[in-house]
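First up is the structure itself, then whatever we jot down about it.
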Amino acid sequence: MDLASALQSYREAMSATQNSIVEAFVDQLLTYPRRLRDAKQDEVVEGDIDDRLKIFSIFYWGQGFWIDPGESLSASEQADLPEGVEPVTSLEGVASVLPAILATQLARTNGTSTPKPDEEREEYLRDLDRLVMAKAQPDHAPVSLPAEYEALLKLTDGLHSLDLLKLDICEVGGARVPTNFDNLEESVPDPDKLEDYEDWPVSAGFYLGMDHESTCKYVYCRNTSDDADEDEREWAWRISFESFCSDAKEPYLGDLAGLLRYYPSILDPEKLPKRAGIRVRDICSLATEAWDYNGSYN
């Protein structure tokens with residue numbers, strides 16, 4: 001499968017994953033007691049408002065403008081409502097229209113973004129190449145940056161997760177300084193600082209992303225163990241992704257095509273209801289302790 005086709009399959013898988021997470025969250029939220037607050041005079045609907053709507057709005061911020069009837073909708077927000085959908089006053093109402101809502105969100109949840117302009121992308125790659133080659137071990141230095149990465153950046157500016165369950169899933173960086181790094185130089189450490197696996201020496205590499213509970217990096221490496229297969233014994237660029245969340249899949253080490261299959265499903269699907277329940281409890285606790293009924297937290 002060529003990279004463009006693999007990326008399209010990734011988009012579809014990422015959208016399906018995000019939609020499953022939202023549905024699981026709503027299922028869990030429906031088990032919580034319904035608390036009401038008084039409607040304000042300028043609301044688009046009349047009557048008491050189910051506070052769980054605001055919880056859902058916080059969780060899935062991209063939908064907040066229409067499922068939170070505590071604010072009047074602007075003309076542009078009204079125009080953005082999916083066809084046939086009106087603001088609702090109950091979480092049950094959200095659940096009833098959720099499939100239609102999620103179906104309209106493909107472009108917002110598919111884990112890709114518009115590529116950087118050619119000049120900006122090429123400047124980034126030149127700077128990155130200079131830094132990586134300067135740190136590479138001379139005996140096994142790569143000839144160039146990974147070609148698959150350069151090809152990916154022409155199609156999308158990295159890979160992204162909405163991280164709705166707050167698992168700290170880091171981005172796979174685009175043509176820019178990776179998240180949580182102050183500058184590009186900082187994201188290119190000495191090769192020995194990139195070694196995570198026994199029997200996998202690294203001679204060059206760079207971080208693509210880092211968060212509190214995950215890391216992603218490109219490493220030029222090989223497998224030196226006795227049971228390594230022929231391909232693994234070759235020096236090559238490979239992507240390493242590791243999430244430290246207890247409910248995540250095993251770490252990944254391989255090519256970009258494999259990462260495109262791995263990244264949308266880092267969370268074990270069987271653990272999804274449990275994780276959605278934890279996220280519901282976290283947000284409900286915040287809302288109970290510090291809710292500002294004007295629509296924000298104190």
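Chain labels follow the order of the structure tokens: the first chain is A, the next B, and so on; residue numbering restarts at 1 in every chain, and ligands are counted from 1 in their shown order.
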
With DSSP run on the backbone, what are the strand (DSSP E) residues within region 164-267 of chain A? I'd like them as an MDAnalysis selection string. chainID A and resid 202:211 214:221 236:243 252:254

Report as a VMD selection string all protein, DNA and RNA residues lying within 12 Å of Tyr218 (chain A), evaluated on only C-alpha atoms, omitting residues in the same chain fewer than 6 positions from it. chain A and resid 128 132 142 145 to 149 172 to 173 187 to 189 191 194 to 196 202 to 209 236 to 241 252 to 256 259

Could you pull out the residues in region 212-257 of chain A that DSSP calls alpha helix (DSSP H) from the backbone, as an MDAnalysis selection string? chainID A and resid 230:233 256:257

Which residue of A:Thr114, A:Asn19, A:Asn183, A:Ser161 approaches Asp127 (chain A) most closely, using only C-alpha atoms: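 Answer, going by the shortest atom-to-atom distance: A:Asn183.
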
How far is it from CA of Leu152 (chain A) to CA of Ser5 (chain A), in Å with one decimal?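 Here the two named atoms are 11.6 Å from each other.
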